[in-house]
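Asker: Questions regarding the structure given below will be posed in turn.
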Amino acid sequence: MIKNKCLKVVLFGPESTGKTTLGNQLALHYKTNLVPEFARSYLQEKWDKKNEICSLKDLPIIVSGQKNLEGKIFKKLNKVIFCDTNVLVTQIWSQTHFNGFCSPEILKAVKESNYDFYLLTDIDVPWQADDLRDRPNDREKMLNTFKESLEYYGFPYKLISGDILTRMKSSIKIIDKLLLV
């Protein structure tokens, strides 16, 4: 599957499930890069400056910003690279926050996306509040939505559970196996 190219792995899951923590640790372990989550910095700035939350108009900007970040970091390809999010998260967020709506452009971007594997982060870690997180009581429902989306598109994934050490060991085992293929 991965001969002569970079393995692209997405840290994927509901808010506050340890994606960034796991992504940073994996990037350090593999001496590679983590593509940060564009939406987080973009929406935090919007909140800080105007006290506004995400709107439908923001979603194409988020998709474009994420793709630009990926493009810059993918130029520095290593044997493996990690993405703290991707466009499928934007699709899910759109559908869960805007009554099932997702623009055709975002749906098209998801279908055209090209990642090798998804690490689906479980909800078995404590939820931590911040300015942008808004679904502390919907964690199980959101996890199921993320899982169903991966299955709908047929994207390969593995649910990663436990504390950070357990998640690291599980993730490394998966990634090392993929790198050997």
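Going through the structure tokens in order, the chains are called A, B, and so on, while each chain numbers its residues from 1 and the ligands are numbered from 1 in the order shown.
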List as a count of residues only the protein and nucleic acid residues near range 75-78 of chain A, meaning an atom at most 12 Å away when only C-alpha atoms are counted, but skip any in the same chain fewer than 6 places from it.
Answerer: 15
Asker: Which residues in chain A does DSSP call alpha helix (DSSP H)? List them as number ranges by chain.
Answerer: A: 19-30, 38-50, 58-74, 87-97, 104-112, 139-153, 164-180
Asker: Could you tell me which of A:Asn24, A:Ser64, A:Ser94, A:Ser55 comes closest to Phe38 in chain A if we count only C-alpha atoms?
Answerer: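 Distance minimum relative to Phe38 in chain A lands on A:Ser64.
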Asker: So which one's closest to Val181 in chain A, A:Lys19, A:Asp116, A:Leu165, A:Leu132? Using only C-alpha atoms, please.
Answerer: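 Smallest distance to Val181 in chain A is found for A:Asp116.
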Asker: May I have the residues within 12 Å of His97 in chain A as a list of chain:residue names, using only C-alpha atoms and disregarding those fewer than 4 positions away in the same chain?
Answerer: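 Residues meeting the cut-off are A:Ile53, A:Cys54, A:Ser55, A:Leu56, A:Leu59, A:Val89, A:Thr90, A:Gln91, A:Ile92, A:Trp93, A:Phe101, A:Cys102, A:Asp134, A:Arg135, A:Met142.
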Asker: Need to verify the contact set: range 128-130 of chain A, 9 Å, only C-alpha atoms, exclusion of same-chain residues closer than 3 positions in sequence. Can you return it as a PDB file with all heavy atoms, in the first residue's frame?
Answerer:
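Here's the written file around.pdb:
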ATOM      1  N   GLU A  15     -14.636  16.361  19.185  1.00  0.00           N
ATOM      2  CA  GLU A  15     -13.860  17.332  19.952  1.00  0.00           C
ATOM      3  C   GLU A  15     -13.410  16.733  21.283  1.00  0.00           C
ATOM      4  O   GLU A  15     -14.077  15.868  21.849  1.00  0.00           O
ATOM      5  CB  GLU A  15     -14.700  18.583  20.199  1.00  0.00           C
ATOM      6  CG  GLU A  15     -15.937  18.323  21.051  1.00  0.00           C
ATOM      7  CD  GLU A  15     -16.852  19.533  21.191  1.00  0.00           C
ATOM      8  OE1 GLU A  15     -16.739  20.477  20.405  1.00  0.00           O
ATOM      9  OE2 GLU A  15     -17.686  19.504  22.107  1.00  0.00           O
ATOM     10  N   SER A  16     -12.250  17.198  21.722  1.00  0.00           N
ATOM     11  CA  SER A  16     -11.718  16.856  23.046  1.00  0.00           C
ATOM     12  C   SER A  16     -11.537  15.354  23.243  1.00  0.00           C
ATOM     13  O   SER A  16     -11.893  14.799  24.277  1.00  0.00           O
ATOM     14  CB  SER A  16     -12.620  17.440  24.148  1.00  0.00           C
ATOM     15  OG  SER A  16     -11.965  17.381  25.397  1.00  0.00           O
ATOM     16  N   THR A  17     -10.973  14.694  22.208  1.00  0.00           N
ATOM     17  CA  THR A  17     -10.688  13.263  22.338  1.00  0.00           C
ATOM     18  C   THR A  17      -9.195  12.969  22.206  1.00  0.00           C
ATOM     19  O   THR A  17      -8.805  11.834  21.962  1.00  0.00           O
ATOM     20  CB  THR A  17     -11.481  12.432  21.309  1.00  0.00           C
ATOM     21  OG1 THR A  17     -11.187  12.898  19.994  1.00  0.00           O
ATOM     22  CG2 THR A  17     -12.971  12.488  21.581  1.00  0.00           C
ATOM     23  N   ARG A 133     -15.295  24.452  21.829  1.00  0.00           N
ATOM     24  CA  ARG A 133     -15.979  23.164  22.015  1.00  0.00           C
ATOM     25  C   ARG A 133     -17.395  23.387  22.535  1.00  0.00           C
ATOM     26  O   ARG A 133     -17.608  24.216  23.417  1.00  0.00           O
ATOM     27  CB  ARG A 133     -15.178  22.288  22.969  1.00  0.00           C
ATOM     28  CG  ARG A 133     -13.838  21.909  22.379  1.00  0.00           C
ATOM     29  CD  ARG A 133     -13.009  21.115  23.342  1.00  0.00           C
ATOM     30  NE  ARG A 133     -11.749  20.731  22.693  1.00  0.00           N
ATOM     31  CZ  ARG A 133     -10.631  20.513  23.340  1.00  0.00           C
ATOM     32  NH1 ARG A 133     -10.591  20.592  24.654  1.00  0.00           N
ATOM     33  NH2 ARG A 133      -9.541  20.175  22.673  1.00  0.00           N
ATOM     34  N   ASP A 134     -18.340  22.602  21.967  1.00  0.00           N
ATOM     35  CA  ASP A 134     -19.732  22.881  22.301  1.00  0.00           C
ATOM     36  C   ASP A 134     -20.606  21.645  22.476  1.00  0.00           C
ATOM     37  O   ASP A 134     -21.817  21.766  22.578  1.00  0.00           O
ATOM     38  CB  ASP A 134     -20.347  23.786  21.230  1.00  0.00           C
ATOM     39  CG  ASP A 134     -20.439  23.120  19.863  1.00  0.00           C
ATOM     40  OD1 ASP A 134     -19.863  22.032  19.663  1.00  0.00           O
ATOM     41  OD2 ASP A 134     -21.103  23.695  18.980  1.00  0.00           O
ATOM     42  N   PRO A 136     -20.352  18.750  24.919  1.00  0.00           N
ATOM     43  CA  PRO A 136     -19.904  17.841  25.981  1.00  0.00           C
ATOM     44  C   PRO A 136     -20.876  16.695  26.250  1.00  0.00           C
ATOM     45  O   PRO A 136     -20.467  15.639  26.733  1.00  0.00           O
ATOM     46  CB  PRO A 136     -19.784  18.748  27.209  1.00  0.00           C
ATOM     47  CG  PRO A 136     -20.732  19.865  26.942  1.00  0.00           C
ATOM     48  CD  PRO A 136     -20.690  20.069  25.447  1.00  0.00           C
TER      49      PRO A 136
END
Asker: As a PyMOL selection string, please: the residues near Tyr118 in chain A (cut-off 9 Å, only C-alpha atoms, same-chain neighbours under 3 positions excluded).
Answerer: chain A and resi 8-12+115+150+155-159
Asker: Write the residues of the preceding selection, restricted to all heavy atoms, as a short mmCIF file (atom, residue, chain, number, x, y, z; two decimals), in the first residue's frame.
Answerer:
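Output file part39.cif is given in full below:
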data_model
loop_
_atom_site.label_atom_id
_atom_site.label_comp_id
_atom_site.auth_asym_id
_atom_site.auth_seq_id
_atom_site.Cartn_x
_atom_site.Cartn_y
_atom_site.Cartn_z
N LYS A 8 0.00 8.92 4.83
CA LYS A 8 -0.76 10.07 5.35
C LYS A 8 -1.82 9.55 6.33
O LYS A 8 -2.75 8.84 5.93
CB LYS A 8 -1.41 10.84 4.22
CG LYS A 8 -0.40 11.46 3.27
CD LYS A 8 -1.10 12.13 2.11
CE LYS A 8 -0.11 12.55 1.06
NZ LYS A 8 -0.78 12.95 -0.18
N VAL A 9 -1.66 9.93 7.59
CA VAL A 9 -2.54 9.45 8.65
C VAL A 9 -3.31 10.63 9.24
O VAL A 9 -2.71 11.65 9.59
CB VAL A 9 -1.73 8.75 9.76
CG1 VAL A 9 -2.63 8.29 10.90
CG2 VAL A 9 -0.94 7.58 9.18
N VAL A 10 -4.63 10.47 9.37
CA VAL A 10 -5.48 11.51 9.94
C VAL A 10 -5.85 11.13 11.37
O VAL A 10 -6.32 10.02 11.62
CB VAL A 10 -6.77 11.70 9.11
CG1 VAL A 10 -7.66 12.79 9.74
CG2 VAL A 10 -6.44 12.03 7.67
N LEU A 11 -5.64 12.07 12.30
CA LEU A 11 -6.16 11.95 13.65
C LEU A 11 -7.58 12.45 13.56
O LEU A 11 -7.83 13.59 13.17
CB LEU A 11 -5.35 12.79 14.63
CG LEU A 11 -3.96 12.29 15.01
CD1 LEU A 11 -4.01 10.98 15.72
CD2 LEU A 11 -2.96 12.32 13.92
N PHE A 12 -8.53 11.61 13.90
CA PHE A 12 -9.92 11.83 13.53
C PHE A 12 -10.82 11.49 14.70
O PHE A 12 -10.66 10.45 15.33
CB PHE A 12 -10.22 10.91 12.33
CG PHE A 12 -11.53 11.13 11.65
CD1 PHE A 12 -11.71 12.20 10.80
CD2 PHE A 12 -12.58 10.24 11.84
CE1 PHE A 12 -12.91 12.39 10.14
CE2 PHE A 12 -13.79 10.42 11.19
CZ PHE A 12 -13.95 11.50 10.34
N TYR A 115 -6.06 10.09 1.81
CA TYR A 115 -5.33 9.76 3.03
C TYR A 115 -5.27 8.24 3.12
O TYR A 115 -6.16 7.54 2.64
CB TYR A 115 -6.03 10.33 4.26
CG TYR A 115 -6.21 11.83 4.16
CD1 TYR A 115 -7.38 12.37 3.63
CD2 TYR A 115 -5.21 12.69 4.55
CE1 TYR A 115 -7.54 13.74 3.49
CE2 TYR A 115 -5.36 14.06 4.43
CZ TYR A 115 -6.52 14.58 3.89
OH TYR A 115 -6.67 15.93 3.75
N LEU A 150 -16.71 7.35 8.25
CA LEU A 150 -15.57 6.57 7.75
C LEU A 150 -16.07 5.32 7.02
O LEU A 150 -15.57 4.98 5.94
CB LEU A 150 -14.65 6.17 8.89
CG LEU A 150 -13.83 7.29 9.52
CD1 LEU A 150 -13.17 6.82 10.80
CD2 LEU A 150 -12.80 7.83 8.54
N PHE A 155 -13.26 4.45 4.18
CA PHE A 155 -11.91 4.86 4.56
C PHE A 155 -11.39 3.92 5.66
O PHE A 155 -12.10 3.64 6.62
CB PHE A 155 -11.88 6.30 5.06
CG PHE A 155 -12.22 7.33 4.02
CD1 PHE A 155 -12.75 8.55 4.40
CD2 PHE A 155 -12.01 7.12 2.67
CE1 PHE A 155 -13.06 9.54 3.47
CE2 PHE A 155 -12.31 8.09 1.72
CZ PHE A 155 -12.84 9.30 2.11
N PRO A 156 -10.16 3.44 5.53
CA PRO A 156 -9.61 2.53 6.53
C PRO A 156 -9.33 3.25 7.85
O PRO A 156 -8.80 4.36 7.86
CB PRO A 156 -8.31 2.03 5.89
CG PRO A 156 -7.92 3.10 4.94
CD PRO A 156 -9.20 3.72 4.46
N TYR A 157 -9.70 2.62 8.96
CA TYR A 157 -9.51 3.24 10.26
C TYR A 157 -9.40 2.19 11.35
O TYR A 157 -9.74 1.02 11.17
CB TYR A 157 -10.65 4.20 10.59
CG TYR A 157 -11.93 3.50 11.00
CD1 TYR A 157 -12.22 3.28 12.34
CD2 TYR A 157 -12.84 3.04 10.06
CE1 TYR A 157 -13.40 2.64 12.72
CE2 TYR A 157 -14.01 2.41 10.43
CZ TYR A 157 -14.28 2.21 11.76
OH TYR A 157 -15.44 1.57 12.13
N LYS A 158 -8.95 2.67 12.51
CA LYS A 158 -8.93 1.86 13.72
C LYS A 158 -9.29 2.78 14.88
O LYS A 158 -8.80 3.90 14.97
CB LYS A 158 -7.53 1.26 13.93
CG LYS A 158 -7.37 0.43 15.16
CD LYS A 158 -8.00 -0.92 14.98
CE LYS A 158 -7.67 -1.79 16.20
NZ LYS A 158 -8.53 -2.91 16.33
N LEU A 159 -10.17 2.30 15.76
CA LEU A 159 -10.52 3.05 16.96
C LEU A 159 -9.36 2.97 17.95
O LEU A 159 -8.86 1.88 18.25
CB LEU A 159 -11.80 2.47 17.60
CG LEU A 159 -12.30 3.17 18.85
CD1 LEU A 159 -12.77 4.59 18.54
CD2 LEU A 159 -13.43 2.37 19.48
#
Asker: Using only C-alpha atoms, determine which residues lie at most 8 Å from range 166-178 of chain A, disregarding the query and same-chain residues fewer than 3 positions distant; provide the list as a ChimeraX atom specification.
Answerer: /A:1-2,7,22,25-26,119,160-163,181
Asker: If we count only C-alpha atoms and set the cut-off at 7 Å, which residues sit around Glu37 in chain A, ignoring sequence neighbours fewer than 6 positions away in its own chain? Please answer as a ChimeraX atom specification.
Answerer: /A:66,84-85
Asker: Just all heavy atoms for this one: save the residues we selected as a PDB file, in the first residue's frame.
Answerer:
ATOM      1  N   GLN A  66      -7.237  24.514   5.390  1.00  0.00           N
ATOM      2  CA  GLN A  66      -6.681  23.204   5.760  1.00  0.00           C
ATOM      3  C   GLN A  66      -5.908  22.603   4.589  1.00  0.00           C
ATOM      4  O   GLN A  66      -4.806  22.090   4.769  1.00  0.00           O
ATOM      5  CB  GLN A  66      -7.796  22.253   6.216  1.00  0.00           C
ATOM      6  CG  GLN A  66      -7.276  20.964   6.814  1.00  0.00           C
ATOM      7  CD  GLN A  66      -6.509  21.193   8.101  1.00  0.00           C
ATOM      8  OE1 GLN A  66      -6.882  22.022   8.926  1.00  0.00           O
ATOM      9  NE2 GLN A  66      -5.422  20.468   8.280  1.00  0.00           N
ATOM     10  N   ASP A  84      -3.961  16.680  11.858  1.00  0.00           N
ATOM     11  CA  ASP A  84      -4.776  16.832  13.056  1.00  0.00           C
ATOM     12  C   ASP A  84      -6.269  16.887  12.727  1.00  0.00           C
ATOM     13  O   ASP A  84      -7.100  16.858  13.623  1.00  0.00           O
ATOM     14  CB  ASP A  84      -4.346  18.093  13.805  1.00  0.00           C
ATOM     15  CG  ASP A  84      -4.853  18.123  15.236  1.00  0.00           C
ATOM     16  OD1 ASP A  84      -5.636  17.244  15.620  1.00  0.00           O
ATOM     17  OD2 ASP A  84      -4.477  19.040  15.971  1.00  0.00           O
ATOM     18  N   THR A  85      -6.601  16.962  11.464  1.00  0.00           N
ATOM     19  CA  THR A  85      -7.980  16.979  11.003  1.00  0.00           C
ATOM     20  C   THR A  85      -7.951  16.838   9.492  1.00  0.00           C
ATOM     21  O   THR A  85      -6.883  16.756   8.895  1.00  0.00           O
ATOM     22  CB  THR A  85      -8.691  18.293  11.406  1.00  0.00           C
ATOM     23  OG1 THR A  85     -10.087  18.185  11.124  1.00  0.00           O
ATOM     24  CG2 THR A  85      -8.111  19.486  10.682  1.00  0.00           C
TER      25      THR A  85
END
Asker: When DSSP works through the backbone of this structure, what residues of range 11-181 of chain A end up as strand (DSSP E or B), shown as an NGL selection string?
Answerer: :A and (11-12 or 34-35 or 80-83 or 117-121 or 157-160)
Asker: When you count only C-alpha atoms, which of these residues is closest to Gly23 in chain A: A:Ile106, A:Gly100, A:Ile73, A:Pro36?
Answerer: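 Closest to Gly23 in chain A of all the choices is A:Pro36.
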Asker: When you count only C-alpha atoms, which of these residues is closest to Thr21 in chain A: A:Cys83, A:Ala39, A:Leu143, A:Leu180?
Answerer: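 Using only C-alpha atoms, Thr21 in chain A sits closest to A:Cys83.
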Asker: Between A:Asp131, A:Pro104, A:Glu70, A:Lys111, single out the one closest to Ser41 in chain A, counting only C-alpha atoms.
Answerer: A:Asp131
